[in-house]
Amino acid sequence: MLRPELKLALLLIAGVVALDAIWALLVGSTGPVAYGLVDEPAHLATCGVLLLGLSAIAGVRPPMRFIGAALIATVLIDFDHLPGLLGSHLITGDLPRPYTHSIVLVILLIGLGALLRRADQRLLMLGLAFGVSAHLIRDLATGPGVPLLWPFSDSVVTMPYGVYAAGLLLVTLAVVLTARPRRRWRRPARLPVRPLPSAGPQGGS
């Protein structure tokens, strides 16, 4: 019987591949705004699989603050496309995706988290960094690629879609390999009841 975490991971991967396959067959281009109807759910699913992998490797489920921040960030980062859609290339230049689609944003979020004193705030920043990282991993395999090393390089980095899908399956394999066997709950054995020895003197008076 499959564990719930494994079922969820396989369901999320199947959803991602199915959405991408249907879009590729019907449209093919990742440029239209309507692509967001496919891309954003796939980003959420990708982040979900990676969160399950993190939970399996760490041995504990990340706090909800971390999980929530990661899932929000993995979608929220795409709001940096809005200036381009409105005709401004201020944060895009000649690149296919905005400057904020860079590993530098992840480093800044981690650095900001390290400067914060409160543990819950640090956890929030780390969750945001995780979500952005998950977003970039998918973007490497879809569309025109990512300016991953901007501002140090304008080169656009891409990754074959097969590598991306295989990576998600490897994370799912980690969920399987790190699974701890669950002990079945058993009722405690009933101890035999024996009569207590008499505390009084033996025989009559």
# chains A, B, ... in the order shown; residues from 1 in each chain; ligands from 1
>>> residues_around(residues="A:Val132", least_positions_apart="6", cutoff="12 Å", atoms="only C-alpha atoms", output="number ranges by chain")
A: 43-44, 46-47, 50, 69-78, 100-110, 125-126, 138-139, 148
>>> write_last_selection(atoms="N, CA, C and O atoms", output="compact mmCIF listing (two decimals), in the first residue's frame")
# COMPACT_ATOMS: atom_id res chain seq x y z
N HIS A 43 3.70 25.05 -11.52
CA HIS A 43 4.69 25.57 -10.58
C HIS A 43 4.34 25.16 -9.14
O HIS A 43 5.21 24.77 -8.36
N LEU A 44 3.07 25.27 -8.80
CA LEU A 44 2.63 24.86 -7.46
C LEU A 44 2.89 23.38 -7.23
O LEU A 44 3.36 22.97 -6.16
N THR A 46 5.12 21.49 -8.77
CA THR A 46 6.57 21.27 -8.69
C THR A 46 7.09 21.60 -7.30
O THR A 46 7.85 20.83 -6.70
N CYS A 47 6.65 22.74 -6.78
CA CYS A 47 7.06 23.13 -5.44
C CYS A 47 6.57 22.12 -4.41
O CYS A 47 7.27 21.78 -3.45
N LEU A 50 8.84 19.07 -4.40
CA LEU A 50 10.11 19.37 -3.76
C LEU A 50 9.96 19.52 -2.25
O LEU A 50 10.85 19.15 -1.48
N ALA A 69 4.89 30.01 2.68
CA ALA A 69 5.74 31.00 2.01
C ALA A 69 6.29 30.45 0.70
O ALA A 69 6.35 31.15 -0.31
N ALA A 70 6.68 29.18 0.71
CA ALA A 70 7.22 28.56 -0.51
C ALA A 70 6.18 28.49 -1.61
O ALA A 70 6.45 28.84 -2.77
N LEU A 71 4.97 28.07 -1.28
CA LEU A 71 3.92 27.94 -2.28
C LEU A 71 3.48 29.30 -2.83
O LEU A 71 3.17 29.43 -4.02
N ILE A 72 3.47 30.30 -1.98
CA ILE A 72 3.11 31.65 -2.44
C ILE A 72 4.20 32.22 -3.34
O ILE A 72 3.92 32.76 -4.42
N ALA A 73 5.45 32.07 -2.92
CA ALA A 73 6.56 32.65 -3.68
C ALA A 73 6.72 32.00 -5.05
O ALA A 73 7.08 32.67 -6.03
N THR A 74 6.43 30.70 -5.14
CA THR A 74 6.65 30.00 -6.41
C THR A 74 5.68 30.47 -7.49
O THR A 74 5.91 30.25 -8.68
N VAL A 75 4.59 31.15 -7.09
CA VAL A 75 3.65 31.74 -8.05
C VAL A 75 3.82 33.25 -8.11
O VAL A 75 3.78 33.86 -9.19
N LEU A 76 4.06 33.86 -6.95
CA LEU A 76 4.12 35.32 -6.87
C LEU A 76 5.25 35.91 -7.70
O LEU A 76 5.13 37.04 -8.21
N ILE A 77 6.33 35.17 -7.89
CA ILE A 77 7.47 35.70 -8.64
C ILE A 77 7.08 36.05 -10.07
O ILE A 77 7.67 36.95 -10.68
N ASP A 78 6.08 35.39 -10.62
CA ASP A 78 5.69 35.66 -12.00
C ASP A 78 4.98 37.01 -12.18
O ASP A 78 4.70 37.41 -13.30
N THR A 100 14.62 39.45 -12.28
CA THR A 100 14.34 38.82 -10.99
C THR A 100 14.25 37.30 -11.08
O THR A 100 14.24 36.62 -10.05
N HIS A 101 14.18 36.76 -12.28
CA HIS A 101 14.26 35.31 -12.47
C HIS A 101 15.73 34.91 -12.45
O HIS A 101 16.28 34.42 -13.44
N SER A 102 16.37 35.13 -11.32
CA SER A 102 17.81 34.90 -11.20
C SER A 102 18.11 34.29 -9.84
O SER A 102 17.38 34.49 -8.87
N ILE A 103 19.22 33.56 -9.79
CA ILE A 103 19.64 32.96 -8.53
C ILE A 103 20.00 34.03 -7.50
O ILE A 103 20.01 33.79 -6.30
N VAL A 104 20.27 35.25 -7.98
CA VAL A 104 20.60 36.35 -7.07
C VAL A 104 19.44 36.65 -6.14
O VAL A 104 19.64 36.94 -4.96
N LEU A 105 18.21 36.53 -6.64
CA LEU A 105 17.05 36.77 -5.79
C LEU A 105 17.00 35.74 -4.66
O LEU A 105 16.68 36.08 -3.51
N VAL A 106 17.32 34.50 -4.97
CA VAL A 106 17.34 33.46 -3.93
C VAL A 106 18.39 33.78 -2.88
O VAL A 106 18.14 33.68 -1.67
N ILE A 107 19.56 34.20 -3.32
CA ILE A 107 20.64 34.53 -2.39
C ILE A 107 20.26 35.72 -1.51
O ILE A 107 20.54 35.74 -0.30
N LEU A 108 19.60 36.72 -2.10
CA LEU A 108 19.18 37.89 -1.33
C LEU A 108 18.16 37.51 -0.25
O LEU A 108 18.22 38.00 0.87
N LEU A 109 17.23 36.63 -0.60
CA LEU A 109 16.23 36.20 0.38
C LEU A 109 16.87 35.42 1.53
O LEU A 109 16.52 35.61 2.70
N ILE A 110 17.81 34.55 1.19
CA ILE A 110 18.51 33.80 2.24
C ILE A 110 19.33 34.74 3.11
O ILE A 110 19.36 34.62 4.34
N MET A 125 11.56 33.83 5.32
CA MET A 125 12.48 34.17 4.23
C MET A 125 13.02 32.92 3.55
O MET A 125 13.16 32.86 2.32
N LEU A 126 13.34 31.90 4.35
CA LEU A 126 13.84 30.65 3.78
C LEU A 126 12.76 29.97 2.94
O LEU A 126 13.05 29.38 1.89
N ARG A 138 11.65 24.83 -12.70
CA ARG A 138 10.70 24.55 -13.78
C ARG A 138 10.94 25.46 -14.98
O ARG A 138 10.88 25.00 -16.13
N ASP A 139 11.22 26.73 -14.74
CA ASP A 139 11.43 27.67 -15.84
C ASP A 139 12.65 27.30 -16.68
O ASP A 139 12.72 27.67 -17.85
N LEU A 148 19.83 32.96 -15.32
CA LEU A 148 20.09 32.45 -13.98
C LEU A 148 21.21 33.20 -13.26
O LEU A 148 21.16 33.37 -12.04
>>> select_by_dssp(residues="chain A", states="alpha helix (DSSP H)", output="count of residues only")
116
>>> closest_residue(among="A:Leu168, A:Val175, A:Leu123, A:Ile22", to="A:Val60", atoms="only C-alpha atoms")
A:Val175
>>> closest_atom_pairs(of="stretch 136-179 of chain A", to="stretch 86-96 of chain A", cutoff="8 Å", atoms="only C-alpha atoms", output="CSV")
residue,atom,partner,partner_atom,distance
A:Pro144,CA,A:Pro96,CA,6.3
A:Gly145,CA,A:Pro96,CA,7.4
A:Val146,CA,A:Pro96,CA,7.5
A:Pro147,CA,A:Leu95,CA,7.2
A:Asp154,CA,A:Leu95,CA,7.4
A:Val156,CA,A:Leu95,CA,7.8
>>> write_last_selection(atoms="all heavy atoms", output="mmCIF file, in the first residue's frame")
data_model
loop_
_atom_site.group_PDB
_atom_site.id
_atom_site.type_symbol
_atom_site.label_atom_id
_atom_site.label_comp_id
_atom_site.auth_asym_id
_atom_site.auth_seq_id
_atom_site.Cartn_x
_atom_site.Cartn_y
_atom_site.Cartn_z
ATOM 1 N N PRO A 144 11.754 29.978 -22.969
ATOM 2 C CA PRO A 144 13.060 30.381 -23.512
ATOM 3 C C PRO A 144 14.219 30.263 -22.537
ATOM 4 O O PRO A 144 15.339 30.640 -22.864
ATOM 5 C CB PRO A 144 12.818 31.854 -23.878
ATOM 6 C CG PRO A 144 11.810 32.313 -22.867
ATOM 7 C CD PRO A 144 10.912 31.139 -22.609
ATOM 8 N N GLY A 145 13.999 29.791 -21.324
ATOM 9 C CA GLY A 145 15.091 29.686 -20.367
ATOM 10 C C GLY A 145 15.095 30.815 -19.352
ATOM 11 O O GLY A 145 14.174 31.634 -19.302
ATOM 12 N N VAL A 146 16.155 30.852 -18.538
ATOM 13 C CA VAL A 146 16.233 31.773 -17.408
ATOM 14 C C VAL A 146 17.588 32.480 -17.391
ATOM 15 O O VAL A 146 18.624 31.829 -17.587
ATOM 16 C CB VAL A 146 16.049 30.997 -16.077
ATOM 17 C CG1 VAL A 146 16.228 31.914 -14.884
ATOM 18 C CG2 VAL A 146 14.683 30.335 -16.028
ATOM 19 N N PRO A 147 17.608 33.804 -17.126
ATOM 20 C CA PRO A 147 18.893 34.501 -16.935
ATOM 21 C C PRO A 147 19.430 34.202 -15.539
ATOM 22 O O PRO A 147 19.492 35.069 -14.672
ATOM 23 C CB PRO A 147 18.511 35.974 -17.105
ATOM 24 C CG PRO A 147 17.093 36.048 -16.645
ATOM 25 C CD PRO A 147 16.461 34.740 -17.048
ATOM 26 N N ASP A 154 24.508 37.662 -18.925
ATOM 27 C CA ASP A 154 23.233 37.762 -19.617
ATOM 28 C C ASP A 154 22.862 36.460 -20.315
ATOM 29 O O ASP A 154 21.836 36.395 -21.006
ATOM 30 C CB ASP A 154 23.272 38.887 -20.653
ATOM 31 C CG ASP A 154 23.269 40.265 -20.002
ATOM 32 O OD1 ASP A 154 22.863 40.358 -18.822
ATOM 33 O OD2 ASP A 154 23.682 41.240 -20.662
ATOM 34 N N VAL A 156 21.353 32.983 -21.136
ATOM 35 C CA VAL A 156 20.105 32.323 -20.753
ATOM 36 C C VAL A 156 20.373 30.832 -20.594
ATOM 37 O O VAL A 156 20.920 30.188 -21.483
ATOM 38 C CB VAL A 156 19.015 32.567 -21.809
ATOM 39 C CG1 VAL A 156 17.747 31.793 -21.454
ATOM 40 C CG2 VAL A 156 18.710 34.057 -21.908
#
>>> closest_residue(among="A:Pro151, A:Gly127, A:Pro41, A:Gly162", to="A:Leu54", atoms="only C-alpha atoms")
A:Gly127
>>> residues_around(residues="A:Tyr161", least_positions_apart="3", cutoff="8 Å", atoms="only C-alpha atoms", output="MDAnalysis selection string")
chainID A and resid 141:142 164:165
>>> write_last_selection(atoms="N, CA, C and O atoms", output="PDB file, in the first residue's frame")
ATOM      1  N   ALA A 141      13.275  24.475 -17.721  1.00  0.00           N
ATOM      2  CA  ALA A 141      12.868  23.428 -18.665  1.00  0.00           C
ATOM      3  C   ALA A 141      11.711  23.842 -19.554  1.00  0.00           C
ATOM      4  O   ALA A 141      11.316  23.077 -20.440  1.00  0.00           O
ATOM      5  N   THR A 142      11.157  25.025 -19.337  1.00  0.00           N
ATOM      6  CA  THR A 142      10.014  25.463 -20.140  1.00  0.00           C
ATOM      7  C   THR A 142      10.301  26.846 -20.719  1.00  0.00           C
ATOM      8  O   THR A 142      10.938  27.677 -20.082  1.00  0.00           O
ATOM      9  N   TYR A 164      14.114  17.692 -16.193  1.00  0.00           N
ATOM     10  CA  TYR A 164      13.211  18.250 -15.175  1.00  0.00           C
ATOM     11  C   TYR A 164      12.255  17.181 -14.649  1.00  0.00           C
ATOM     12  O   TYR A 164      12.101  17.002 -13.432  1.00  0.00           O
ATOM     13  N   ALA A 165      11.614  16.446 -15.555  1.00  0.00           N
ATOM     14  CA  ALA A 165      10.675  15.400 -15.150  1.00  0.00           C
ATOM     15  C   ALA A 165      11.383  14.291 -14.389  1.00  0.00           C
ATOM     16  O   ALA A 165      10.872  13.790 -13.380  1.00  0.00           O
TER      17      ALA A 165
END
>>> atom_distance(atom1="atom CA of A:His81", atom2="atom CA of A:Ile13")
25.5 Å
>>> atom_distance(atom1="atom CA of A:Pro4", atom2="atom CA of A:Val176")
11.0 Å
>>> atom_distance(atom1="atom CA of A:Asp120", atom2="atom CA of A:Pro63")
9.6 Å
>>> closest_residue(among="A:Val33, A:Val157, A:Leu10, A:Leu112", to="A:Gly53", atoms="only C-alpha atoms")
A:Leu10
